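Report on the structure given below.
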Amino acid sequence: ELSLQHLKFEINKSDVYHIVFQFPLINRSGLLPKMISEFHNNDGKDCILELHDIPGGAKAFELVAKFCYDVKIELNALNVVAIRCASEYLQMTEDHGEGNLIMQTENFLEEVLGDWNDSMKALQTCKDVLPYAEELHIVTRCINSLAAKASVDPTLFGWPMIGQANTKNLGGTILWNGIGPGGKSRSPGADWWYKDVAFLDLPTYRRLILAMKSKGMKPDNVAGSLMHYAKMCLPGLSRQSGFHDSTDCFPCTNSTAIQSESDQRVLLEEIVELLPMERGVASSKFLLGLLQTAMIIHASPSCRENLEKRVAEQLEDAELEDILIPNLGYSVETLYDIDCMQRILDRFVSFNQPEGITSPGIVDEGELMANAVALTPVTMVAKLMDGYLAEVASDVNLKLPKFQSLAAVIPDYARQSTDGIYHAIDIYLKVIFNFALFCTNLYHLHSHPWLTDSEREQLCRLMNCQNLSLEACTHAAQNERLPLRVLVQVLFFEQLRLRTTITSWFFSSDNVENSHARMLPKSSGGLNQAEITQEHVQNLSFEEMRSRVSDLEKECSSIREEIQKLERSESAWSIFSGKLGFGMRTKRFFGSKQASTDR
């Protein structure tokens with residue numbers, strides 16, 4: 001039998017405890033008597049029990065020892081998990097004393113799990129005592145408790161669940177019950193828990209999100225938490241996107257900061273996988289920011305394809321600055337990633353093809369009216385893509401086939417006006433012309449790499465001259481970079497529009513005059529001289545308009561004949577331009593945008 005002074009406890013190979021009166025400690029534990037009975041020491045001096053793998057280390061052992069010697073200890077959310085695991089390790093069950101430490105810590109742990117903040121603190125301490133906390137299902141219980149509380153409306157129960165990130169507002173300190181100095185209560189929104197869970201490590205956070213999904217949390221709330229977590233843990237994403245206010249963002253803590261590229265890649269791919277599949281739960285700005293970050297850190301092709309598909313499903317909600325994704329490929333030909341935008345746009349058009357429309361080029365007006373709701377996203381994207389084309393058109397490395405392919409994806413019926421695509425085409429032609437002129441002057445070439453007439457005509461087929469506004473027609477009619485055939489089409493439709501306008505005005509005035517004539521009393525003596533004179537002047541003006549309309553029809557007919565006769569040459573163009581009587585000076589039409597392109 002060992003003497004009292006021979007029993008020592010060695011913890012972590014550095015902390016040695018010499019217990020003078022060891023019986024209370026040994027009697028409360030089922031492990032220590034077994035270790036003593038198995039101990040063999042030849043010199044007979046010291047009995048040292050090695051407890052190197054006790055959960056919580058020396059600090060937890062001290063609290064356990066105090067409990068055994070009836071010294072009052074303070075249990076709280078930060079130490080209850082470690083003491084619970086240490087008591088399990090030492091086998092401090094009810095068989096070794098009534099009200100033993102396992103039961104005491106279990107009862108207190110149940111109280112901890114009833115409060116949001118305490119549950120969060122307990123969950124964060126579990127990482128220090130793994131895998132014991134997993135074996136005792138403490139991690140799972142904490143996660144389920146948090147998921148249950150986050151999945152319900154806190155205002156229904158009046159829970160004081162304002163976490164560490166929500167303790168202050170602009171007006172000052174918020175008290176525990178949500179009442180501030182002004183006396184007004186503050187109701188927490190659906191995002192009240194986002195900032196608290198953002199401090200969890202990725203594996204724990206993933207389990208929490210999955211638990212929330214299983215409990216029926218709304219996809220919008222799940223996506224909102226994922227967006228907040230991504231902003232905090234992916235530095236590149238927070239720099240790009242600028243979500244909400246900068247004061248609302250917390251700097252990355254040591255536990256959540258992702259330093260290496262491989263860690264960022266794993267986190268981003270995990271967030272993309274956890275995002276709910278419902279359309280619109282994540283903003284287009286966030287998805288495009290994720291996509292750009294995925295390209296920077298070389299995420300998996302399946303991850304990038306997933307993001308491109310999600311962006312395509314709600315492309316109409318995107319903004320121009322968000323879709324201008326820099327080209328980060330190994331062979332950088334263009335400033336922006338045109339291929340990525342092409343894939344996104346192809347997917348969008350396939351998602352939003354109106355039923356019954358098989359040929360985008362030929363659409364009946366009745367079909368468009370019947371599919372007005374379906375055409376709304378396509379119309380919005382058409383306007384967005386016209387702006388995108390105008391931006392990328394200033395890149396001198398952008399090849400004509402890529403520009404045409406991207407612009408041709410949007411069907412003609414989606415563009416209510418072709419002013420935007422004309423603006424992009426004009427910028428592209430101007431950039432190519434200036435670059436060709438620069439090459440000619442720099443290398444003293446006799447010919448420059450300018451587009452041929454056939455290529456320019458092919459490019460201009462992307463726009464419908466009939467849908468140009470009057471201001472755009474005026475600009476295009478004097479644009480010397482456009483092909484001759486396109487200029488004639490612009491003039492033709494401009495004069496046709498003028499003819500239609502005058503004719504409609506003439507018939508409208510004629511109908512008004514007839515209605516007034518029918519309203520005059522037949523028994524009146526006669527018209528005075530002033531009324532007769534006014535009617536005569538109106539008749540003369542109508543005759544002049546009829547004559548003008550007739551002249552316009554003749555001029556349009558002559559234009560059709562000239563198109564068939566003229567050859568594409570500089571001499572033919574000079575004769576035709578003199579015959580039509582308009583100069584070749586290009587007027588400013590698009591204001592500051594046109595001026596920026598000239599630069």
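Chain labels follow the order of the structure tokens: the first chain is A, the next B, and so on; residue numbering restarts at 1 in every chain, and ligands are counted from 1 in their shown order.
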
Set the distance at 9 Å and use only C-alpha atoms: which residues neighbour segment 456-468 of chain A once local chain neighbours fewer than 4 positions away are removed? I'd like the list as JSON, numbers by chain. {"A": [400, 403, 404, 407, 408, 412, 415, 416, 417, 418, 419, 421, 422, 425, 429, 451, 452, 472, 473, 481, 482, 483, 484, 485, 486, 489, 490, 493, 494, 497]}

Got a sec: who's within 8 Å of segment 275-283 of chain A, counting only C-alpha atoms, leaving out chain neighbours fewer than 3 positions off, as number ranges by chain? A: 219-220, 222-224, 226-227, 271-272, 286-287, 310, 313-314, 317

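Using only C-alpha atoms for every distance, the candidate list A:Lys430, A:Thr376, A:Pro401, A:Asn479 yields A:Thr376 as the residue closest to Tyr413 of chain A.
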
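Here atom CA of Pro55 of chain A and atom CA of Leu90 of chain A stand 9.8 Å from one another.
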
Distance of atom CA of Asp386 of chain A from atom CA of Thr293 of chain A, expressed in Å to one decimal place: 25.1 Å

Residues at most 8 Å from segment 263-266 of chain A, counting only C-alpha atoms, excluding those fewer than 6 positions away in the same chain, as a ChimeraX atom specification? /A:234,294,297-299

Hey, what's within 9 Å of Ser87 of chain A if we count only C-alpha atoms and toss same-chain stuff fewer than 4 positions away? As number ranges by chain, please? A: 29, 55, 61, 64, 82-83, 91-93, 100-102, 105

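Contact shell of Ser225 of chain A at 9 Å (only C-alpha atoms; same-chain neighbours under 3 positions omitted): Asp191, Trp193, Tyr194, Lys195, Val197, Ala198, Ile209, Asp220, Asn221, Val222, His228, Tyr229 and Ala230 of chain A.
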
Considering only C-alpha atoms, can you say which of A:His52, A:Lys127, A:Arg207, A:Lys231 comes closest to Thr140 of chain A? A:Arg207
